[in-house]
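Take a look at the structure set out below.
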Amino acid sequence: MTTSIDFTDELGRRLAAAKHVVASTGAGASAESGVPTFRDLEGYWSRYSPEELATQAALVRNPILVQSWYAERANRLKSIVPNPCHNSLVEMEEIFPRFDLITQNVDNLHQEAGSTNVVELHGNVRRFYCSECGSDRKNAMPDEIETAVCCEACGGLIRPDVVWFGEILPQENIRYACEAARACDVFLSIGTSSVVYPAAGLAEIAGSSGAFCVEVNIEGSAAAAIMDELCIGPAGRILPALAKLAKTVRRANTKS
Ligand code: BV8
Ligand code: ZN
């Protein structure tokens, strides 16, 4: 296992030969766009536990806190833009015969960057709906929430279209993600602490199915031990270098 941005020859060989690459992203992929991660110093979860924020029970117990958190995250989308990590992942769609992008992120930045087939495991904070009757909320959430935001049709509490703890993931998406992890030649785990399941299990599936597993992170995650290569550094710097390496070795491969 190596830990450097100057990539090993083995990684070059794997990228040159790969028919199918999977990239799986977490909050670290959006960090350089200015989106706070869950576990960094000002991370929300350093102030609140996940159960206080990302559960249906939290919404019922403290609707203003939970709705304010998500409204702030949703409304921030207007002022944030994709970073070079997101842009390099768009490029990778053209580099490999099959490229799958799986994300735990709910910030819509992969779509903003132009990725065409984003498999969202935990939903998208752009969408809000009624937790009682399920009807979509048409207009944006207010910037300031003093009283709980309720459904115009039935009075139910409005919630974000994200997967909370204890909620099942979109079955089609997690099934697709597991199949892709099982089938791929190279698995890139980018900017995730790898502690939340079942998303964190994808690297294990990939590694045990023979994929060459690469972690891109500013520090080793909980899955570091199962990685074949650790690329320590910001995703916004490493992903462009990875995309460049892939193009170079695949061009050389076609010439030889
Ligand atoms: C389910 C959406 C079952 C909401 C999220 C034990 C006890 C209790 C529960 C469980 C348990 N074991 C498993 C579970 C289930 C639980 C779970 O895994 N809990 C964990 C805490 C142990 N999982 C669930 O509940 C899931 N559902 O299992 O349902 C079920 C089955 C049948 C019927 C009913 C239920 C649902 C989990 C989804 C929760 N929702 N998000 C929202 O966004 O608000 S989770 C959320 O946190 C993210 O989506 C992500 O998945 C997760 C972790 O965040 P990361 O993305 O990894 O970000 P983090 O801040 O942690 O780390 C950032 C990383 O980036 C760091 O490593 C950092 O070093 C790095 N970084 C920072 N800057 C950079 C960088 N890297 C590169 N470049 C940089 N510049
Ligand atoms: Zn309703």
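Quick note on naming: the chains in the structure tokens go A, B, ... in the order shown, residues restart at 1 in each chain, and ligands are numbered from 1 in order of appearance.
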Report as a PDB file with N, CA and C atoms, in the first residue's frame which protein, DNA and RNA residues come within 8 Å of ligand 1, using only C-alpha atoms and all ligand atoms.
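Saved file result-v9.pdb follows:
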```
ATOM      1  N   THR A  25     -17.998   9.045  -3.807  1.00  0.00           N
ATOM      2  CA  THR A  25     -17.593  10.302  -3.147  1.00  0.00           C
ATOM      3  C   THR A  25     -18.367  10.558  -1.863  1.00  0.00           C
ATOM      4  N   GLY A  26     -17.674  11.244  -0.961  1.00  0.00           N
ATOM      5  CA  GLY A  26     -18.256  11.725   0.298  1.00  0.00           C
ATOM      6  C   GLY A  26     -18.022  13.217   0.403  1.00  0.00           C
ATOM      7  N   ALA A  27     -18.314  13.744   1.581  1.00  0.00           N
ATOM      8  CA  ALA A  27     -18.314  15.202   1.796  1.00  0.00           C
ATOM      9  C   ALA A  27     -16.977  15.844   1.454  1.00  0.00           C
ATOM     10  N   GLY A  28     -15.881  15.085   1.565  1.00  0.00           N
ATOM     11  CA  GLY A  28     -14.556  15.646   1.265  1.00  0.00           C
ATOM     12  C   GLY A  28     -14.415  16.069  -0.182  1.00  0.00           C
ATOM     13  N   ALA A  29     -15.224  15.457  -1.066  1.00  0.00           N
ATOM     14  CA  ALA A  29     -15.157  15.844  -2.488  1.00  0.00           C
ATOM     15  C   ALA A  29     -15.695  17.262  -2.684  1.00  0.00           C
ATOM     16  N   SER A  30     -16.565  17.696  -1.774  1.00  0.00           N
ATOM     17  CA  SER A  30     -17.160  19.039  -1.892  1.00  0.00           C
ATOM     18  C   SER A  30     -16.502  20.060  -0.974  1.00  0.00           C
ATOM     19  N   ALA A  31     -15.545  19.595  -0.152  1.00  0.00           N
ATOM     20  CA  ALA A  31     -14.939  20.497   0.853  1.00  0.00           C
ATOM     21  C   ALA A  31     -14.334  21.733   0.185  1.00  0.00           C
ATOM     22  N   GLU A  32     -13.661  21.550  -0.955  1.00  0.00           N
ATOM     23  CA  GLU A  32     -12.983  22.694  -1.591  1.00  0.00           C
ATOM     24  C   GLU A  32     -13.959  23.589  -2.352  1.00  0.00           C
ATOM     25  N   PRO A  36     -19.150  22.560   4.261  1.00  0.00           N
ATOM     26  CA  PRO A  36     -18.553  21.960   5.456  1.00  0.00           C
ATOM     27  C   PRO A  36     -18.767  20.439   5.457  1.00  0.00           C
ATOM     28  N   THR A  37     -17.765  19.675   5.842  1.00  0.00           N
ATOM     29  CA  THR A  37     -17.984  18.227   5.960  1.00  0.00           C
ATOM     30  C   THR A  37     -18.617  17.965   7.329  1.00  0.00           C
ATOM     31  N   PHE A  38     -19.049  16.736   7.514  1.00  0.00           N
ATOM     32  CA  PHE A  38     -19.732  16.403   8.773  1.00  0.00           C
ATOM     33  C   PHE A  38     -18.770  16.336   9.922  1.00  0.00           C
ATOM     34  N   ARG A  39     -17.535  15.969   9.620  1.00  0.00           N
ATOM     35  CA  ARG A  39     -16.612  15.662  10.723  1.00  0.00           C
ATOM     36  C   ARG A  39     -15.467  16.644  10.859  1.00  0.00           C
ATOM     37  N   ASP A  40     -15.497  17.753  10.079  1.00  0.00           N
ATOM     38  CA  ASP A  40     -14.356  18.657  10.296  1.00  0.00           C
ATOM     39  C   ASP A  40     -14.707  19.597  11.465  1.00  0.00           C
ATOM     40  N   GLY A  43     -17.710  21.169  11.502  1.00  0.00           N
ATOM     41  CA  GLY A  43     -18.745  20.230  11.036  1.00  0.00           C
ATOM     42  C   GLY A  43     -19.941  20.261  11.979  1.00  0.00           C
ATOM     43  N   PRO A  50     -25.408  13.012  14.995  1.00  0.00           N
ATOM     44  CA  PRO A  50     -26.237  12.747  13.814  1.00  0.00           C
ATOM     45  C   PRO A  50     -27.702  12.553  14.194  1.00  0.00           C
ATOM     46  N   LEU A  53     -29.856  15.516  14.300  1.00  0.00           N
ATOM     47  CA  LEU A  53     -30.123  16.276  13.080  1.00  0.00           C
ATOM     48  C   LEU A  53     -30.692  15.428  11.945  1.00  0.00           C
ATOM     49  N   ALA A  54     -30.094  14.262  11.721  1.00  0.00           N
ATOM     50  CA  ALA A  54     -30.446  13.517  10.494  1.00  0.00           C
ATOM     51  C   ALA A  54     -31.336  12.315  10.782  1.00  0.00           C
ATOM     52  N   TYR A  70     -31.208  22.070   7.151  1.00  0.00           N
ATOM     53  CA  TYR A  70     -31.318  21.670   5.744  1.00  0.00           C
ATOM     54  C   TYR A  70     -31.611  22.857   4.829  1.00  0.00           C
ATOM     55  N   GLN A 104     -22.490   9.855  -1.755  1.00  0.00           N
ATOM     56  CA  GLN A 104     -23.218   9.982  -0.499  1.00  0.00           C
ATOM     57  C   GLN A 104     -23.663  11.438  -0.327  1.00  0.00           C
ATOM     58  N   ASN A 105     -23.133  12.304  -1.147  1.00  0.00           N
ATOM     59  CA  ASN A 105     -23.391  13.743  -0.986  1.00  0.00           C
ATOM     60  C   ASN A 105     -24.777  14.099  -1.478  1.00  0.00           C
ATOM     61  N   VAL A 106     -25.344  15.111  -0.860  1.00  0.00           N
ATOM     62  CA  VAL A 106     -26.713  15.534  -1.212  1.00  0.00           C
ATOM     63  C   VAL A 106     -26.707  16.959  -1.780  1.00  0.00           C
ATOM     64  N   LEU A 121     -26.900   7.988  -3.235  1.00  0.00           N
ATOM     65  CA  LEU A 121     -27.290   6.999  -2.225  1.00  0.00           C
ATOM     66  C   LEU A 121     -28.119   7.631  -1.111  1.00  0.00           C
ATOM     67  N   HIS A 122     -27.883   8.924  -0.859  1.00  0.00           N
ATOM     68  CA  HIS A 122     -28.532   9.546   0.306  1.00  0.00           C
ATOM     69  C   HIS A 122     -29.423  10.720  -0.066  1.00  0.00           C
ATOM     70  N   GLY A 123     -29.878  10.758  -1.320  1.00  0.00           N
ATOM     71  CA  GLY A 123     -30.843  11.779  -1.725  1.00  0.00           C
ATOM     72  C   GLY A 123     -30.192  13.085  -2.128  1.00  0.00           C
ATOM     73  N   VAL A 125     -30.504  17.457  -1.353  1.00  0.00           N
ATOM     74  CA  VAL A 125     -31.085  18.486  -0.476  1.00  0.00           C
ATOM     75  C   VAL A 125     -31.774  19.579  -1.288  1.00  0.00           C
ATOM     76  N   VAL A 162     -33.710  13.538   1.678  1.00  0.00           N
ATOM     77  CA  VAL A 162     -32.435  12.844   1.947  1.00  0.00           C
ATOM     78  C   VAL A 162     -32.746  11.599   2.765  1.00  0.00           C
ATOM     79  N   VAL A 163     -31.781  10.665   2.814  1.00  0.00           N
ATOM     80  CA  VAL A 163     -31.954   9.433   3.581  1.00  0.00           C
ATOM     81  C   VAL A 163     -31.430   9.678   4.984  1.00  0.00           C
ATOM     82  N   TRP A 164     -32.251   9.551   5.979  1.00  0.00           N
ATOM     83  CA  TRP A 164     -31.821   9.766   7.355  1.00  0.00           C
ATOM     84  C   TRP A 164     -31.372   8.469   8.005  1.00  0.00           C
ATOM     85  N   PHE A 165     -30.743   8.559   9.127  1.00  0.00           N
ATOM     86  CA  PHE A 165     -30.318   7.347   9.840  1.00  0.00           C
ATOM     87  C   PHE A 165     -31.554   6.515  10.173  1.00  0.00           C
ATOM     88  N   GLY A 166     -31.396   5.205   9.942  1.00  0.00           N
ATOM     89  CA  GLY A 166     -32.521   4.302  10.194  1.00  0.00           C
ATOM     90  C   GLY A 166     -33.465   4.218   9.027  1.00  0.00           C
ATOM     91  N   GLU A 167     -33.238   5.002   7.988  1.00  0.00           N
ATOM     92  CA  GLU A 167     -34.079   4.925   6.784  1.00  0.00           C
ATOM     93  C   GLU A 167     -33.351   4.120   5.712  1.00  0.00           C
ATOM     94  N   ILE A 168     -34.108   3.396   4.910  1.00  0.00           N
ATOM     95  CA  ILE A 168     -33.442   2.578   3.887  1.00  0.00           C
ATOM     96  C   ILE A 168     -33.067   3.465   2.701  1.00  0.00           C
ATOM     97  N   LEU A 169     -31.992   3.063   2.051  1.00  0.00           N
ATOM     98  CA  LEU A 169     -31.524   3.831   0.886  1.00  0.00           C
ATOM     99  C   LEU A 169     -32.408   3.488  -0.326  1.00  0.00           C
ATOM    100  N   ILE A 190     -13.382   8.611  -2.539  1.00  0.00           N
ATOM    101  CA  ILE A 190     -12.917  10.009  -2.537  1.00  0.00           C
ATOM    102  C   ILE A 190     -13.610  10.819  -1.443  1.00  0.00           C
ATOM    103  N   GLY A 191     -12.841  11.267  -0.461  1.00  0.00           N
ATOM    104  CA  GLY A 191     -13.354  12.232   0.518  1.00  0.00           C
ATOM    105  C   GLY A 191     -14.465  11.713   1.400  1.00  0.00           C
ATOM    106  N   THR A 192     -14.290  10.479   1.906  1.00  0.00           N
ATOM    107  CA  THR A 192     -15.284   9.977   2.846  1.00  0.00           C
ATOM    108  C   THR A 192     -14.614   9.347   4.050  1.00  0.00           C
ATOM    109  N   SER A 193     -15.243   9.506   5.199  1.00  0.00           N
ATOM    110  CA  SER A 193     -14.699   8.919   6.439  1.00  0.00           C
ATOM    111  C   SER A 193     -14.987   7.424   6.488  1.00  0.00           C
ATOM    112  N   SER A 194     -15.821   6.957   5.577  1.00  0.00           N
ATOM    113  CA  SER A 194     -16.146   5.524   5.462  1.00  0.00           C
ATOM    114  C   SER A 194     -16.679   4.945   6.764  1.00  0.00           C
ATOM    115  N   VAL A 195     -17.572   5.643   7.423  1.00  0.00           N
ATOM    116  CA  VAL A 195     -18.147   5.121   8.670  1.00  0.00           C
ATOM    117  C   VAL A 195     -19.645   4.842   8.567  1.00  0.00           C
ATOM    118  N   VAL A 196     -20.287   5.355   7.526  1.00  0.00           N
ATOM    119  CA  VAL A 196     -21.743   5.188   7.430  1.00  0.00           C
ATOM    120  C   VAL A 196     -22.063   4.092   6.412  1.00  0.00           C
ATOM    121  N   TYR A 197     -22.840   3.121   6.884  1.00  0.00           N
ATOM    122  CA  TYR A 197     -23.225   1.982   6.043  1.00  0.00           C
ATOM    123  C   TYR A 197     -24.650   2.157   5.537  1.00  0.00           C
ATOM    124  N   PRO A 198     -25.000   1.501   4.444  1.00  0.00           N
ATOM    125  CA  PRO A 198     -24.192   0.561   3.638  1.00  0.00           C
ATOM    126  C   PRO A 198     -23.202   1.220   2.678  1.00  0.00           C
ATOM    127  N   ALA A 199     -23.173   2.546   2.539  1.00  0.00           N
ATOM    128  CA  ALA A 199     -22.262   3.185   1.569  1.00  0.00           C
ATOM    129  C   ALA A 199     -20.814   2.808   1.842  1.00  0.00           C
ATOM    130  N   ALA A 200     -20.451   2.768   3.116  1.00  0.00           N
ATOM    131  CA  ALA A 200     -19.035   2.492   3.459  1.00  0.00           C
ATOM    132  C   ALA A 200     -18.645   1.069   3.080  1.00  0.00           C
ATOM    133  N   VAL A 216      -8.680   8.595  -1.885  1.00  0.00           N
ATOM    134  CA  VAL A 216      -8.222   9.985  -2.017  1.00  0.00           C
ATOM    135  C   VAL A 216      -8.787  10.735  -0.824  1.00  0.00           C
ATOM    136  N   ASN A 217      -7.909  11.191   0.070  1.00  0.00           N
ATOM    137  CA  ASN A 217      -8.363  11.807   1.306  1.00  0.00           C
ATOM    138  C   ASN A 217      -7.218  12.611   1.892  1.00  0.00           C
ATOM    139  N   ILE A 218      -7.571  13.592   2.747  1.00  0.00           N
ATOM    140  CA  ILE A 218      -6.477  14.352   3.371  1.00  0.00           C
ATOM    141  C   ILE A 218      -5.882  13.551   4.523  1.00  0.00           C
ATOM    142  N   GLU A 219      -6.579  12.477   4.905  1.00  0.00           N
ATOM    143  CA  GLU A 219      -6.010  11.561   5.911  1.00  0.00           C
ATOM    144  C   GLU A 219      -6.653  10.195   5.704  1.00  0.00           C
ATOM    145  N   GLY A 220      -6.061   9.155   6.209  1.00  0.00           N
ATOM    146  CA  GLY A 220      -6.624   7.821   6.037  1.00  0.00           C
ATOM    147  C   GLY A 220      -7.992   7.732   6.689  1.00  0.00           C
ATOM    148  N   SER A 221      -8.938   7.063   6.011  1.00  0.00           N
ATOM    149  CA  SER A 221     -10.285   6.912   6.577  1.00  0.00           C
ATOM    150  C   SER A 221     -10.381   5.560   7.291  1.00  0.00           C
ATOM    151  N   ILE A 232      -2.807  10.801  -0.377  1.00  0.00           N
ATOM    152  CA  ILE A 232      -3.088  11.750   0.698  1.00  0.00           C
ATOM    153  C   ILE A 232      -2.953  13.175   0.169  1.00  0.00           C
ATOM    154  N   GLY A 233      -4.056  13.898   0.249  1.00  0.00           N
ATOM    155  CA  GLY A 233      -4.060  15.282  -0.216  1.00  0.00           C
ATOM    156  C   GLY A 233      -5.477  15.691  -0.585  1.00  0.00           C
ATOM    157  N   PRO A 234      -5.683  16.958  -0.904  1.00  0.00           N
ATOM    158  CA  PRO A 234      -7.040  17.430  -1.217  1.00  0.00           C
ATOM    159  C   PRO A 234      -7.524  16.872  -2.551  1.00  0.00           C
ATOM    160  N   ALA A 235      -8.769  16.463  -2.560  1.00  0.00           N
ATOM    161  CA  ALA A 235      -9.338  15.844  -3.774  1.00  0.00           C
ATOM    162  C   ALA A 235      -9.279  16.794  -4.964  1.00  0.00           C
ATOM    163  N   GLY A 236      -9.387  18.106  -4.679  1.00  0.00           N
ATOM    164  CA  GLY A 236      -9.357  19.104  -5.765  1.00  0.00           C
ATOM    165  C   GLY A 236      -8.017  19.165  -6.453  1.00  0.00           C
TER     166      GLY A 236
END
```
With only C-alpha atoms and all ligand atoms counted and 12 Å as the cut-off, give the residues of chain A in contact with ligand 2, each with its shortest interatomic distance in Å and the pair that gives it, as a tab-separated table.
```
residue	atom	partner	partner_atom_place_in_ligand_line	distance
A:Phe128	CA	ligand 2	1 (Zn)	11.3
A:Tyr129	CA	ligand 2	1 (Zn)	7.8
A:Cys130	CA	ligand 2	1 (Zn)	4.6
A:Ser131	CA	ligand 2	1 (Zn)	6.7
A:Glu132	CA	ligand 2	1 (Zn)	5.0
A:Cys133	CA	ligand 2	1 (Zn)	4.0
A:Gly134	CA	ligand 2	1 (Zn)	5.9
A:Ser135	CA	ligand 2	1 (Zn)	5.7
A:Asp136	CA	ligand 2	1 (Zn)	8.4
A:Arg137	CA	ligand 2	1 (Zn)	9.0
A:Val149	CA	ligand 2	1 (Zn)	11.0
A:Cys150	CA	ligand 2	1 (Zn)	7.6
A:Cys151	CA	ligand 2	1 (Zn)	4.6
A:Glu152	CA	ligand 2	1 (Zn)	6.7
A:Ala153	CA	ligand 2	1 (Zn)	5.1
A:Cys154	CA	ligand 2	1 (Zn)	4.1
A:Gly155	CA	ligand 2	1 (Zn)	5.7
A:Gly156	CA	ligand 2	1 (Zn)	4.7
A:Leu157	CA	ligand 2	1 (Zn)	7.4
A:Ile158	CA	ligand 2	1 (Zn)	7.8
A:Arg159	CA	ligand 2	1 (Zn)	10.4
```
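Near Leu188 in chain A, within 6 Å and counting only C-alpha atoms, sit Ala23, Val214 and Glu215 of chain A; same-chain residues fewer than 2 positions away were not included.
Residues in contact range of Ala140 in chain A, defined as at most 10 Å between only C-alpha atoms, with sequence neighbours fewer than 5 positions away removed, read Ala71, Ala74, Asn75, Arg126, Arg127 and Phe128 of chain A.
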May I have all residues of range 10-251 of chain A that DSSP, computed from the backbone, assigns to alpha helix (DSSP H), given as a ChimeraX atom specification?
/A:10-17,44-47,50-53,56-61,63-76,84-95,109-113,171-183,201-208,235-251
As a PyMOL selection string, please: the residues near Asn117 in chain A (cut-off 10 Å, only C-alpha atoms, same-chain neighbours under 4 positions excluded).
chain A and resi 90+93+99-102+110-111
Write down as a ChimeraX atom specification the residues of range 212-251 of chain A whose backbone DSSP state falls under strand (DSSP E or B).
/A:212-217,229-232
With N, CA, C and O atoms kept, could you save the residues just selected as a PDB file, in the first residue's frame?
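Written file, result11.pdb:
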```pdb
ATOM      1  N   PHE A 212      -8.827  -2.847  -7.837  1.00  0.00           N
ATOM      2  CA  PHE A 212      -7.699  -2.114  -7.242  1.00  0.00           C
ATOM      3  C   PHE A 212      -8.305  -0.890  -6.560  1.00  0.00           C
ATOM      4  O   PHE A 212      -8.924  -0.051  -7.222  1.00  0.00           O
ATOM      5  N   CYS A 213      -8.196  -0.819  -5.222  1.00  0.00           N
ATOM      6  CA  CYS A 213      -8.907   0.224  -4.469  1.00  0.00           C
ATOM      7  C   CYS A 213      -7.975   1.365  -4.095  1.00  0.00           C
ATOM      8  O   CYS A 213      -6.889   1.144  -3.548  1.00  0.00           O
ATOM      9  N   VAL A 214      -8.435   2.572  -4.404  1.00  0.00           N
ATOM     10  CA  VAL A 214      -7.630   3.778  -4.182  1.00  0.00           C
ATOM     11  C   VAL A 214      -8.418   4.732  -3.287  1.00  0.00           C
ATOM     12  O   VAL A 214      -9.610   4.964  -3.533  1.00  0.00           O
ATOM     13  N   GLU A 215      -7.790   5.228  -2.252  1.00  0.00           N
ATOM     14  CA  GLU A 215      -8.445   6.236  -1.397  1.00  0.00           C
ATOM     15  C   GLU A 215      -7.814   7.587  -1.658  1.00  0.00           C
ATOM     16  O   GLU A 215      -6.579   7.711  -1.695  1.00  0.00           O
ATOM     17  N   VAL A 216      -8.680   8.595  -1.885  1.00  0.00           N
ATOM     18  CA  VAL A 216      -8.222   9.985  -2.017  1.00  0.00           C
ATOM     19  C   VAL A 216      -8.787  10.735  -0.824  1.00  0.00           C
ATOM     20  O   VAL A 216     -10.008  10.862  -0.675  1.00  0.00           O
ATOM     21  N   ASN A 217      -7.909  11.191   0.070  1.00  0.00           N
ATOM     22  CA  ASN A 217      -8.363  11.807   1.306  1.00  0.00           C
ATOM     23  C   ASN A 217      -7.218  12.611   1.892  1.00  0.00           C
ATOM     24  O   ASN A 217      -6.056  12.335   1.604  1.00  0.00           O
ATOM     25  N   GLU A 229      -3.975   1.644  -2.475  1.00  0.00           N
ATOM     26  CA  GLU A 229      -3.184   2.873  -2.605  1.00  0.00           C
ATOM     27  C   GLU A 229      -3.898   4.020  -1.897  1.00  0.00           C
ATOM     28  O   GLU A 229      -5.116   4.162  -2.048  1.00  0.00           O
ATOM     29  N   LEU A 230      -3.149   4.766  -1.086  1.00  0.00           N
ATOM     30  CA  LEU A 230      -3.693   5.947  -0.413  1.00  0.00           C
ATOM     31  C   LEU A 230      -3.079   7.173  -1.069  1.00  0.00           C
ATOM     32  O   LEU A 230      -1.848   7.286  -1.130  1.00  0.00           O
ATOM     33  N   CYS A 231      -3.902   8.048  -1.586  1.00  0.00           N
ATOM     34  CA  CYS A 231      -3.404   9.302  -2.168  1.00  0.00           C
ATOM     35  C   CYS A 231      -3.781  10.400  -1.175  1.00  0.00           C
ATOM     36  O   CYS A 231      -4.954  10.802  -1.122  1.00  0.00           O
ATOM     37  N   ILE A 232      -2.807  10.801  -0.377  1.00  0.00           N
ATOM     38  CA  ILE A 232      -3.088  11.750   0.698  1.00  0.00           C
ATOM     39  C   ILE A 232      -2.953  13.175   0.169  1.00  0.00           C
ATOM     40  O   ILE A 232      -1.884  13.553  -0.334  1.00  0.00           O
TER      41      ILE A 232
END
```
For Ala211 in chain A, the nearest of the candidates A:Asn139, A:Leu242, A:Asp185, A:Ala223, counting only C-alpha atoms:
A:Asp185
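You will find CA of Val118 in chain A at 24.0 Å from CA of Ala222 in chain A.
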Can you pull out every residue within 10 Å of Leu245 in chain A, counting only C-alpha atoms, but drop anything in the same chain fewer than 3 positions away, and send it as a PyMOL selection string?
chain A and resi 6-7+11-12+15-16+239-242+248-251
I need the residues from that last selection saved to file as a tab-separated table (two decimals), in the first residue's frame (with all heavy atoms), if you can.
```tsv
chain	number	residue	atom	x	y	z
A	6	ASP	N	2.24	10.99	-5.94
A	6	ASP	CA	2.90	10.72	-7.22
A	6	ASP	C	2.65	9.28	-7.64
A	6	ASP	O	3.48	8.64	-8.25
A	6	ASP	CB	4.40	11.04	-7.13
A	6	ASP	CG	4.99	10.49	-5.85
A	6	ASP	OD1	4.52	9.43	-5.40
A	6	ASP	OD2	5.87	11.14	-5.29
A	7	PHE	N	1.55	8.72	-7.26
A	7	PHE	CA	0.97	7.49	-7.80
A	7	PHE	C	2.01	6.40	-8.08
A	7	PHE	O	3.12	6.69	-8.55
A	7	PHE	CB	0.20	7.79	-9.10
A	7	PHE	CG	-0.80	8.92	-8.95
A	7	PHE	CD1	-0.87	9.95	-9.87
A	7	PHE	CD2	-1.67	8.96	-7.87
A	7	PHE	CE1	-1.79	10.99	-9.74
A	7	PHE	CE2	-2.59	9.99	-7.73
A	7	PHE	CZ	-2.65	11.01	-8.66
A	11	LEU	N	-0.74	1.64	-10.13
A	11	LEU	CA	-1.96	2.39	-10.38
A	11	LEU	C	-2.02	2.78	-11.85
A	11	LEU	O	-3.06	2.64	-12.50
A	11	LEU	CB	-2.03	3.63	-9.48
A	11	LEU	CG	-3.24	4.55	-9.71
A	11	LEU	CD1	-4.56	3.79	-9.61
A	11	LEU	CD2	-3.23	5.71	-8.71
A	12	GLY	N	-0.90	3.21	-12.38
A	12	GLY	CA	-0.86	3.55	-13.82
A	12	GLY	C	-1.27	2.37	-14.68
A	12	GLY	O	-2.09	2.48	-15.59
A	15	LEU	N	-5.04	1.76	-14.36
A	15	LEU	CA	-5.85	2.76	-15.08
A	15	LEU	C	-5.71	2.57	-16.59
A	15	LEU	O	-6.66	2.77	-17.35
A	15	LEU	CB	-5.41	4.18	-14.68
A	15	LEU	CG	-5.75	4.60	-13.25
A	15	LEU	CD1	-5.13	5.97	-12.95
A	15	LEU	CD2	-7.26	4.61	-13.00
A	16	ALA	N	-4.53	2.12	-17.02
A	16	ALA	CA	-4.33	1.90	-18.47
A	16	ALA	C	-5.21	0.77	-18.97
A	16	ALA	O	-5.78	0.83	-20.05
A	16	ALA	CB	-2.85	1.57	-18.73
A	239	LEU	N	-7.53	14.64	-7.88
A	239	LEU	CA	-8.35	14.10	-8.99
A	239	LEU	C	-7.87	14.60	-10.36
A	239	LEU	O	-7.77	13.79	-11.30
A	239	LEU	CB	-9.83	14.40	-8.74
A	239	LEU	CG	-10.62	13.25	-8.12
A	239	LEU	CD1	-10.73	12.06	-9.07
A	239	LEU	CD2	-10.05	12.77	-6.79
A	240	PRO	N	-7.57	15.89	-10.52
A	240	PRO	CA	-7.04	16.30	-11.83
A	240	PRO	C	-5.76	15.55	-12.21
A	240	PRO	O	-5.59	15.13	-13.36
A	240	PRO	CB	-6.77	17.80	-11.65
A	240	PRO	CG	-7.70	18.23	-10.56
A	240	PRO	CD	-7.76	17.06	-9.62
A	241	ALA	N	-4.91	15.27	-11.21
A	241	ALA	CA	-3.65	14.53	-11.50
A	241	ALA	C	-3.98	13.09	-11.88
A	241	ALA	O	-3.37	12.51	-12.79
A	241	ALA	CB	-2.75	14.56	-10.26
A	242	LEU	N	-5.00	12.54	-11.23
A	242	LEU	CA	-5.42	11.15	-11.55
A	242	LEU	C	-5.99	11.08	-12.97
A	242	LEU	O	-5.67	10.18	-13.75
A	242	LEU	CB	-6.50	10.70	-10.55
A	242	LEU	CG	-6.14	9.72	-9.46
A	242	LEU	CD1	-7.36	9.40	-8.61
A	242	LEU	CD2	-5.56	8.43	-10.02
A	248	THR	N	-2.86	9.81	-19.96
A	248	THR	CA	-1.49	9.57	-20.45
A	248	THR	C	-1.24	8.08	-20.64
A	248	THR	O	-0.80	7.63	-21.71
A	248	THR	CB	-0.47	10.15	-19.44
A	248	THR	OG1	-0.82	11.50	-19.16
A	248	THR	CG2	0.95	10.07	-19.96
A	249	VAL	N	-1.54	7.29	-19.64
A	249	VAL	CA	-1.21	5.85	-19.74
A	249	VAL	C	-2.11	5.15	-20.75
A	249	VAL	O	-1.69	4.22	-21.44
A	249	VAL	CB	-1.31	5.16	-18.36
A	249	VAL	CG1	-0.22	5.67	-17.43
A	249	VAL	CG2	-2.68	5.29	-17.72
A	250	ARG	N	-3.34	5.63	-20.92
A	250	ARG	CA	-4.22	4.97	-21.89
A	250	ARG	C	-3.83	5.34	-23.31
A	250	ARG	O	-3.90	4.50	-24.22
A	250	ARG	CB	-5.68	5.31	-21.59
A	250	ARG	CG	-6.17	4.73	-20.29
A	250	ARG	CD	-7.61	5.07	-20.02
A	250	ARG	NE	-8.52	4.24	-20.81
A	250	ARG	CZ	-8.96	3.04	-20.45
A	250	ARG	NH1	-8.50	2.51	-19.33
A	250	ARG	NH2	-9.81	2.35	-21.19
A	251	ARG	N	-3.31	6.56	-23.48
A	251	ARG	CA	-2.83	6.96	-24.82
A	251	ARG	C	-1.59	6.12	-25.16
A	251	ARG	O	-1.49	5.55	-26.25
A	251	ARG	CB	-2.48	8.46	-24.82
A	251	ARG	CG	-2.49	9.10	-26.22
A	251	ARG	CD	-2.26	10.61	-26.18
A	251	ARG	NE	-3.22	11.33	-25.33
A	251	ARG	CZ	-2.85	12.09	-24.29
A	251	ARG	NH1	-1.57	12.21	-23.99
A	251	ARG	NH2	-3.75	12.72	-23.54
```
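The interatomic distance for the pair CA of Ala183 in chain A and CA of Leu89 in chain A works out to 19.0 Å.
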Residues near Ala18 in chain A, cut-off 9 Å, only C-alpha atoms, skip fewer than 2 positions along chain, as a PyMOL selection string:
chain A and resi 13-16+20-21+96-98+184-186
Next, the residues of the selection above should be written as a compact mmCIF listing (two decimals), in the first residue's frame with C-alpha atoms.
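Result file follows (again-v3.txt):
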```txt
# COMPACT_ATOMS: atom_id res chain seq x y z
CA ARG A 13 -1.05 -0.01 -15.12
CA ARG A 14 -4.50 -0.48 -13.60
CA LEU A 15 -5.85 2.76 -15.08
CA ALA A 16 -4.33 1.90 -18.47
CA HIS A 20 -14.73 -0.19 -15.66
CA VAL A 21 -13.94 2.41 -12.98
CA PHE A 96 -13.06 4.77 -19.43
CA PRO A 97 -15.43 2.48 -21.33
CA ARG A 98 -17.62 2.29 -18.22
CA CYS A 184 -15.22 -2.72 -11.49
CA ASP A 185 -11.48 -2.91 -12.16
CA VAL A 186 -10.58 0.23 -10.16
```
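Remark: for Cys85 in chain A, the closest of the candidate residues A:Ala113, A:Cys178, A:Val66, A:Ala57 is A:Ala113 (distances computed over only C-alpha atoms).
Nearest-residue note for Ser189 in chain A: choosing from A:Asn173, A:Ala206, A:Tyr48, A:Ser115, the minimum distance belongs to A:Ala206, counting only C-alpha atoms.
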